[in-house]
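**Student:** File work-v3.cif follows (mmCIF, C-alpha atoms, pLDDT in the B column; chains and numbers go by the auth columns):
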```cif
data_structure
#
loop_
_atom_site.group_PDB
_atom_site.id
_atom_site.type_symbol
_atom_site.label_atom_id
_atom_site.label_comp_id
_atom_site.label_asym_id
_atom_site.label_seq_id
_atom_site.Cartn_x
_atom_site.Cartn_y
_atom_site.Cartn_z
_atom_site.B_iso_or_equiv
_atom_site.auth_seq_id
_atom_site.auth_asym_id
ATOM 1 C CA MET A 1 12.873 -29.130 -78.260 63.00 1016 A
ATOM 2 C CA SER A 2 15.228 -32.097 -78.201 62.00 1017 A
ATOM 3 C CA LYS A 3 14.422 -35.544 -76.858 55.00 1018 A
ATOM 4 C CA ASP A 4 16.937 -34.948 -74.062 63.00 1019 A
ATOM 5 C CA GLU A 5 15.183 -31.750 -73.010 66.00 1020 A
ATOM 6 C CA PHE A 6 11.852 -33.572 -72.965 58.00 1021 A
ATOM 7 C CA ALA A 7 13.401 -36.383 -70.917 56.00 1022 A
ATOM 8 C CA VAL A 8 14.602 -33.842 -68.348 63.00 1023 A
ATOM 9 C CA MET A 9 11.175 -32.180 -68.303 60.00 1024 A
ATOM 10 C CA THR A 10 9.526 -35.561 -67.800 56.00 1025 A
ATOM 11 C CA LEU A 11 11.883 -36.442 -64.952 55.00 1026 A
ATOM 12 C CA LEU A 12 11.214 -33.120 -63.239 58.00 1027 A
ATOM 13 C CA LYS A 13 7.466 -33.542 -63.640 59.00 1028 A
ATOM 14 C CA ARG A 14 7.701 -37.026 -62.166 53.00 1029 A
ATOM 15 C CA LEU A 15 9.770 -35.740 -59.253 50.00 1030 A
ATOM 16 C CA PHE A 16 7.577 -32.741 -58.556 57.00 1031 A
ATOM 17 C CA GLY A 17 4.321 -33.601 -60.341 58.00 1032 A
ATOM 18 C CA ASN A 18 1.760 -36.320 -59.977 62.00 1033 A
ATOM 19 C CA GLY A 19 4.109 -39.125 -61.026 61.00 1034 A
ATOM 20 C CA GLN A 20 2.408 -39.647 -64.370 71.00 1035 A
ATOM 21 C CA PRO A 21 4.387 -39.308 -67.600 77.00 1036 A
ATOM 22 C CA ASP A 22 3.551 -36.253 -69.662 84.00 1037 A
ATOM 23 C CA PRO A 23 1.153 -37.381 -72.430 87.00 1038 A
ATOM 24 C CA LYS A 24 2.795 -34.900 -74.819 92.00 1039 A
ATOM 25 C CA ILE A 25 5.936 -37.062 -74.876 93.00 1040 A
ATOM 26 C CA LYS A 26 4.482 -39.352 -77.529 94.00 1041 A
ATOM 27 C CA LEU A 27 4.212 -36.350 -79.902 96.00 1042 A
ATOM 28 C CA VAL A 28 7.903 -35.387 -79.618 96.00 1043 A
ATOM 29 C CA PRO A 29 9.047 -37.641 -82.503 96.00 1044 A
ATOM 30 C CA LEU A 30 6.413 -36.100 -84.811 97.00 1045 A
ATOM 31 C CA TYR A 31 7.342 -32.593 -83.702 97.00 1046 A
ATOM 32 C CA ASN A 32 11.022 -33.347 -84.303 97.00 1047 A
ATOM 33 C CA GLN A 33 10.129 -34.511 -87.818 97.00 1048 A
ATOM 34 C CA ILE A 34 8.191 -31.285 -88.406 98.00 1049 A
ATOM 35 C CA VAL A 35 11.172 -29.187 -87.323 97.00 1050 A
ATOM 36 C CA ALA A 36 13.578 -31.266 -89.418 97.00 1051 A
ATOM 37 C CA LYS A 37 11.326 -30.892 -92.466 98.00 1052 A
ATOM 38 C CA ALA A 38 11.077 -27.145 -91.885 98.00 1053 A
ATOM 39 C CA ARG A 39 14.861 -26.890 -91.686 98.00 1054 A
ATOM 40 C CA ASP A 40 15.471 -28.547 -95.052 98.00 1055 A
ATOM 41 C CA PRO A 41 17.875 -26.166 -96.814 98.00 1056 A
ATOM 42 C CA HIS A 42 15.867 -26.113 -100.047 98.00 1057 A
ATOM 43 C CA TRP A 43 13.180 -23.931 -98.429 98.00 1058 A
ATOM 44 C CA TYR A 44 15.784 -21.254 -97.738 98.00 1059 A
ATOM 45 C CA VAL A 45 17.900 -21.641 -100.873 98.00 1060 A
ATOM 46 C CA GLU A 46 15.582 -22.441 -103.794 98.00 1061 A
ATOM 47 C CA GLY A 47 12.464 -21.248 -101.975 98.00 1062 A
ATOM 48 C CA ALA A 48 14.046 -18.015 -100.698 98.00 1063 A
ATOM 49 C CA VAL A 49 12.335 -18.257 -97.308 98.00 1064 A
ATOM 50 C CA PRO A 50 14.366 -15.841 -95.168 97.00 1065 A
ATOM 51 C CA ASP A 51 17.032 -17.801 -93.290 96.00 1066 A
ATOM 52 C CA SER A 52 16.443 -15.872 -90.094 93.00 1067 A
ATOM 53 C CA LEU A 53 14.813 -16.494 -86.740 87.00 1068 A
ATOM 54 C CA ASP A 54 11.498 -15.256 -88.163 90.00 1069 A
ATOM 55 C CA GLY A 55 11.861 -17.226 -91.380 95.00 1070 A
ATOM 56 C CA ARG A 56 12.642 -20.452 -89.550 94.00 1071 A
ATOM 57 C CA PHE A 57 9.676 -19.879 -87.215 92.00 1072 A
ATOM 58 C CA ASP A 58 7.430 -19.243 -90.221 94.00 1073 A
ATOM 59 C CA MET A 59 8.574 -22.459 -91.882 97.00 1074 A
ATOM 60 C CA VAL A 60 8.064 -24.560 -88.730 97.00 1075 A
ATOM 61 C CA ALA A 61 4.631 -22.978 -88.225 96.00 1076 A
ATOM 62 C CA THR A 62 3.707 -23.727 -91.847 97.00 1077 A
ATOM 63 C CA ILE A 63 4.735 -27.399 -91.714 98.00 1078 A
ATOM 64 C CA LEU A 64 3.078 -27.732 -88.287 97.00 1079 A
ATOM 65 C CA SER A 65 -0.104 -26.270 -89.764 97.00 1080 A
ATOM 66 C CA LEU A 66 -0.100 -28.809 -92.603 97.00 1081 A
ATOM 67 C CA VAL A 67 0.273 -31.639 -90.085 97.00 1082 A
ATOM 68 C CA LEU A 68 -2.527 -30.212 -87.928 97.00 1083 A
ATOM 69 C CA LEU A 69 -4.763 -29.936 -90.976 97.00 1084 A
ATOM 70 C CA ARG A 70 -4.119 -33.594 -91.757 97.00 1085 A
ATOM 71 C CA LEU A 71 -4.885 -34.642 -88.182 97.00 1086 A
ATOM 72 C CA GLU A 72 -7.973 -32.436 -88.185 95.00 1087 A
ATOM 73 C CA GLU A 73 -9.501 -34.748 -90.794 93.00 1088 A
ATOM 74 C CA SER A 74 -9.827 -37.419 -88.100 88.00 1089 A
ATOM 75 C CA LYS A 75 -12.016 -36.559 -85.125 86.00 1090 A
ATOM 76 C CA ASP A 76 -10.105 -39.216 -83.139 92.00 1091 A
ATOM 77 C CA HIS A 77 -7.017 -37.018 -83.027 95.00 1092 A
ATOM 78 C CA ALA A 78 -8.324 -33.768 -81.540 95.00 1093 A
ATOM 79 C CA LEU A 79 -6.462 -34.391 -78.277 96.00 1094 A
ATOM 80 C CA ASP A 80 -3.284 -35.260 -80.186 96.00 1095 A
ATOM 81 C CA MET A 81 -3.599 -31.995 -82.118 96.00 1096 A
ATOM 82 C CA ALA A 82 -3.841 -30.071 -78.841 95.00 1097 A
ATOM 83 C CA ARG A 83 -0.859 -31.927 -77.400 96.00 1098 A
ATOM 84 C CA LEU A 84 1.219 -31.394 -80.541 97.00 1099 A
ATOM 85 C CA THR A 85 0.437 -27.695 -80.276 95.00 1100 A
ATOM 86 C CA GLU A 86 1.539 -27.803 -76.625 93.00 1101 A
ATOM 87 C CA VAL A 87 4.849 -29.387 -77.677 95.00 1102 A
ATOM 88 C CA PHE A 88 5.279 -26.530 -80.158 94.00 1103 A
ATOM 89 C CA VAL A 89 4.479 -23.957 -77.459 91.00 1104 A
ATOM 90 C CA ASP A 90 6.953 -25.589 -75.051 90.00 1105 A
ATOM 91 C CA ASP A 91 9.631 -25.427 -77.741 92.00 1106 A
ATOM 92 C CA MET A 92 8.876 -21.797 -78.583 87.00 1107 A
ATOM 93 C CA ASP A 93 8.879 -20.923 -74.868 83.00 1108 A
ATOM 94 C CA GLY A 94 12.346 -22.448 -74.553 81.00 1109 A
ATOM 95 C CA GLN A 95 13.557 -20.697 -77.711 81.00 1110 A
ATOM 96 C CA LEU A 96 12.314 -17.327 -76.453 77.00 1111 A
ATOM 97 C CA ARG A 97 14.062 -17.804 -73.128 74.00 1112 A
ATOM 98 C CA GLU A 98 17.230 -18.879 -74.926 79.00 1113 A
ATOM 99 C CA VAL A 99 17.355 -15.600 -76.865 74.00 1114 A
ATOM 100 C CA GLY A 100 16.921 -13.651 -73.637 76.00 1115 A
ATOM 101 C CA ILE A 101 13.188 -12.976 -73.391 73.00 1116 A
ATOM 102 C CA GLY A 102 12.333 -12.768 -69.711 69.00 1117 A
ATOM 103 C CA ASP A 103 9.513 -14.409 -67.771 68.00 1118 A
ATOM 104 C CA MET A 104 7.470 -11.221 -67.689 72.00 1119 A
ATOM 105 C CA ILE A 105 7.174 -11.065 -71.486 78.00 1120 A
ATOM 106 C CA VAL A 106 7.248 -14.732 -72.564 74.00 1121 A
ATOM 107 C CA GLY A 107 3.486 -15.166 -72.112 73.00 1122 A
ATOM 108 C CA LYS A 108 2.741 -12.212 -74.380 80.00 1123 A
ATOM 109 C CA HIS A 109 5.066 -13.607 -77.058 75.00 1124 A
ATOM 110 C CA ILE A 110 3.505 -17.067 -76.774 83.00 1125 A
ATOM 111 C CA GLY A 111 0.097 -15.470 -77.302 84.00 1126 A
ATOM 112 C CA GLN A 112 1.388 -13.755 -80.440 87.00 1127 A
ATOM 113 C CA ILE A 113 2.952 -17.017 -81.644 87.00 1128 A
ATOM 114 C CA MET A 114 -0.314 -18.910 -81.185 88.00 1129 A
ATOM 115 C CA SER A 115 -2.187 -16.157 -82.992 88.00 1130 A
ATOM 116 C CA ALA A 116 0.289 -16.435 -85.875 87.00 1131 A
ATOM 117 C CA VAL A 117 -0.129 -20.220 -86.018 89.00 1132 A
ATOM 118 C CA GLY A 118 -3.912 -19.862 -85.927 92.00 1133 A
ATOM 119 C CA GLY A 119 -3.743 -17.387 -88.795 90.00 1134 A
ATOM 120 C CA ARG A 120 -1.550 -19.712 -90.842 92.00 1135 A
ATOM 121 C CA LEU A 121 -3.802 -22.635 -90.076 94.00 1136 A
ATOM 122 C CA GLY A 122 -6.841 -20.755 -91.375 94.00 1137 A
ATOM 123 C CA ALA A 123 -5.009 -19.403 -94.411 95.00 1138 A
ATOM 124 C CA LEU A 124 -3.616 -22.814 -95.339 96.00 1139 A
ATOM 125 C CA ARG A 125 -6.954 -24.545 -94.740 95.00 1140 A
ATOM 126 C CA ASN A 126 -8.544 -22.203 -97.277 94.00 1141 A
ATOM 127 C CA ALA A 127 -5.605 -22.240 -99.687 95.00 1142 A
ATOM 128 C CA MET A 128 -5.306 -26.030 -99.730 92.00 1143 A
ATOM 129 C CA ALA A 129 -8.994 -26.242 -100.580 90.00 1144 A
ATOM 130 C CA ASP A 130 -8.509 -23.685 -103.382 89.00 1145 A
ATOM 131 C CA HIS A 131 -4.940 -23.876 -104.683 89.00 1146 A
ATOM 132 C CA SER A 132 -5.400 -20.636 -106.619 90.00 1147 A
ATOM 133 C CA ALA A 133 -5.218 -18.830 -103.270 94.00 1148 A
ATOM 134 C CA LEU A 134 -2.040 -20.602 -102.144 96.00 1149 A
ATOM 135 C CA ASP A 135 0.477 -18.113 -103.540 97.00 1150 A
ATOM 136 C CA ASP A 136 -1.211 -15.200 -101.777 96.00 1151 A
ATOM 137 C CA ALA A 137 -1.346 -17.150 -98.517 96.00 1152 A
ATOM 138 C CA LEU A 138 2.351 -18.021 -98.795 97.00 1153 A
ATOM 139 C CA VAL A 139 3.432 -14.461 -99.562 97.00 1154 A
ATOM 140 C CA ARG A 140 1.391 -13.123 -96.653 95.00 1155 A
ATOM 141 C CA ASN A 141 2.171 -15.821 -94.068 93.00 1156 A
ATOM 142 C CA LEU A 142 5.538 -17.286 -95.005 94.00 1157 A
ATOM 143 C CA TYR A 143 7.277 -14.387 -96.723 97.00 1158 A
ATOM 144 C CA ARG A 144 5.631 -11.719 -94.540 94.00 1159 A
ATOM 145 C CA SER A 145 4.279 -9.889 -97.601 94.00 1160 A
ATOM 146 C CA ALA A 146 7.720 -9.542 -99.270 96.00 1161 A
ATOM 147 C CA ALA A 147 7.080 -11.608 -102.408 95.00 1162 A
ATOM 148 C CA PRO A 148 10.051 -13.694 -103.554 98.00 1163 A
ATOM 149 C CA SER A 149 10.900 -14.336 -107.193 98.00 1164 A
ATOM 150 C CA PRO A 150 8.311 -16.338 -109.131 98.00 1165 A
ATOM 151 C CA ASP A 151 10.718 -19.309 -109.253 98.00 1166 A
ATOM 152 C CA ALA A 152 11.251 -19.254 -105.489 98.00 1167 A
ATOM 153 C CA LEU A 153 7.524 -19.005 -104.836 98.00 1168 A
ATOM 154 C CA ALA A 154 6.842 -21.858 -107.271 98.00 1169 A
ATOM 155 C CA HIS A 155 9.461 -23.991 -105.508 98.00 1170 A
ATOM 156 C CA THR A 156 7.920 -23.392 -102.089 98.00 1171 A
ATOM 157 C CA ARG A 157 4.377 -23.873 -103.368 97.00 1172 A
ATOM 158 C CA GLN A 158 5.291 -27.206 -104.975 97.00 1173 A
ATOM 159 C CA GLY A 159 7.229 -28.314 -101.891 98.00 1174 A
ATOM 160 C CA LEU A 160 4.280 -27.627 -99.604 97.00 1175 A
ATOM 161 C CA LEU A 161 1.854 -29.318 -101.976 97.00 1176 A
ATOM 162 C CA ASP A 162 4.183 -32.327 -101.953 98.00 1177 A
ATOM 163 C CA VAL A 163 4.171 -32.297 -98.136 97.00 1178 A
ATOM 164 C CA GLU A 164 0.374 -32.049 -98.101 96.00 1179 A
ATOM 165 C CA ARG A 165 0.093 -34.944 -100.566 97.00 1180 A
ATOM 166 C CA ALA A 166 2.533 -37.091 -98.555 97.00 1181 A
ATOM 167 C CA LEU A 167 0.670 -36.376 -95.322 97.00 1182 A
ATOM 168 C CA GLY A 168 -2.666 -37.168 -96.963 96.00 1183 A
ATOM 169 C CA ALA A 169 -1.379 -40.547 -98.093 96.00 1184 A
ATOM 170 C CA GLN A 170 -0.674 -41.609 -94.516 95.00 1185 A
ATOM 171 C CA LEU A 171 -2.944 -42.654 -91.725 94.00 1186 A
ATOM 172 C CA PRO A 172 -3.055 -40.128 -88.881 95.00 1187 A
ATOM 173 C CA ASP A 173 -1.982 -42.892 -86.471 94.00 1188 A
ATOM 174 C CA MET A 174 1.292 -43.227 -88.394 93.00 1189 A
ATOM 175 C CA LEU A 175 1.907 -39.520 -88.023 95.00 1190 A
ATOM 176 C CA ILE A 176 1.155 -39.567 -84.299 95.00 1191 A
ATOM 177 C CA GLU A 177 3.667 -42.367 -83.867 92.00 1192 A
ATOM 178 C CA GLY A 178 6.327 -40.121 -85.428 90.00 1193 A
ATOM 179 C CA ASP A 179 6.547 -42.275 -88.526 87.00 1194 A
ATOM 180 C CA ALA A 180 5.729 -39.592 -91.118 88.00 1195 A
ATOM 181 C CA LYS A 181 6.936 -40.240 -94.664 90.00 1196 A
ATOM 182 C CA TRP A 182 7.590 -36.873 -96.236 87.00 1197 A
#
```
Go ahead and express the file in the form of structure tokens.
**Tutor:**
Amino acid sequence: MSKDEFAVMTLLKRLFGNGQPDPKIKLVPLYNQIVAKARDPHWYVEGAVPDSLDGRFDMVATILSLVLLRLEESKDHALDMARLTEVFVDDMDGQLREVGIGDMIVGKHIGQIMSAVGGRLGALRNAMADHSALDDALVRNLYRSAAPSPDALAHTRQGLLDVERALGAQLPDMLIEGDAKW
């Protein structure tokens, strides 16, 4: 979701809501960085992540999961984690509507999306603790069980380990402020 879309949402909430700014707004810069990182062409070229709607969703969900895992290390950021997830849900809701999914079905899709993110979060939590399980987790959750070439998988594995290392080297407060150094 773009900053302009969030600005419009905030204005509407102020006009029709309780007059308070949406606390999720502060997480928009971080979310935008997550999406930008997930859209880096190398994931789709060298890493052979499918350059499709599903593949792009899987990449965003994977990077989001790494950020959530980093924030999870600090008990002070539980509310920020929830709000970042809400920003993601708002974006996915808008994306679903943009591709023509109607109101009656959006909720079901959002439930499936959150289940997918929860699954990735658990798989990555385990795989980052035991890197020997990372390839299996990536094939299952990022490549949807269609294993890429060994070179492509190695590229993606190394790229995600680099992201994890970069996130781990930063204070969670820096991430929340949208100042992530990837």
**Student:** When distances are computed from all atoms listed in the file, which of A:Arg1172, A:Lys1123, A:His1057, A:Arg1159 shows the smallest separation from Arg1135 of chain A?
**Tutor:** A:Arg1159
**Student:** Select all residues near (2.2, -38.0, -77.1) (cut-off 8 Å, inclusive, file coordinates), counting all atoms listed in the file, and output them as a list in words.
**Tutor:**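 Every polymer residue passing the test: Asp1037, Pro1038, Lys1039, Ile1040, Lys1041, Leu1042, Val1043, Asp1095, Arg1098, Leu1099 and Ile1191 of chain A.
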**Student:** Counting only C-alpha atoms, what is within 9 Å of Lys1052 of chain A, bar same-chain residues fewer than 2 positions away, as a list in words?
**Tutor:**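 Result of the neighbour search: Asn1047, Gln1048, Ile1049, Val1050, Arg1054, Asp1055, Met1074, Val1075, Ile1078 and Trp1197 of chain A.
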**Student:** Which residue is closest to Gly1183 of chain A? Choose from A:Ala1093, A:Asp1105, A:Ala1195, A:Tyr1046 and count all atoms listed in the file.
**Tutor:**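 Once distances to Gly1183 of chain A are computed over all atoms listed in the file, the minimum belongs to A:Ala1195.
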**Student:** For a quick check of understanding, using all atoms listed in the file, which of A:Thr1171, A:Ala1184, A:Ile1116, A:Phe1072 has the smallest distance to Met1129 of chain A?
**Tutor:**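 Of the candidates, the smallest distance to Met1129 of chain A is held by A:Phe1072.
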**Student:** Expand the PyMOL selection byres ((chain A and resi 1073) around 10) into the explicit residue set it covers here, and present it as a list in words.
**Tutor:**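 Answer for the PyMOL selection byres ((chain A and resi 1073) around 10): Ala1053, Val1064, Pro1065, Ser1067, Leu1068, Asp1069, Gly1070, Arg1071, Phe1072, Met1074, Val1075, Ala1076, Thr1077, Ile1078, Leu1079, Ile1128, Ala1131, Val1132, Arg1135, Asn1156, Leu1157, Tyr1158 and Arg1159 of chain A.
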**Student:** Figure out the distance between atom CA of Asp1108 of chain A and atom CA of Ile1125 of chain A, please, to one decimal in Å.
**Tutor:**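 Atom CA of Asp1108 of chain A lies at a distance of 6.9 Å from atom CA of Ile1125 of chain A.
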**Student:** What is the distance between atom CA of Asp1106 of chain A and atom CA of Ile1120 of chain A, in Å to one decimal?
**Tutor:** 15.9 Å
**Student:** Name the residues that the PyMOL selection byres ((chain A and resi 1088) around 12) picks from the file above, as a VMD selection string, using the file's chain letters and numbers.
**Tutor:** chain A and resid 1081 to 1087 1089 to 1093 1096 1140 1182 to 1183 1185 to 1188
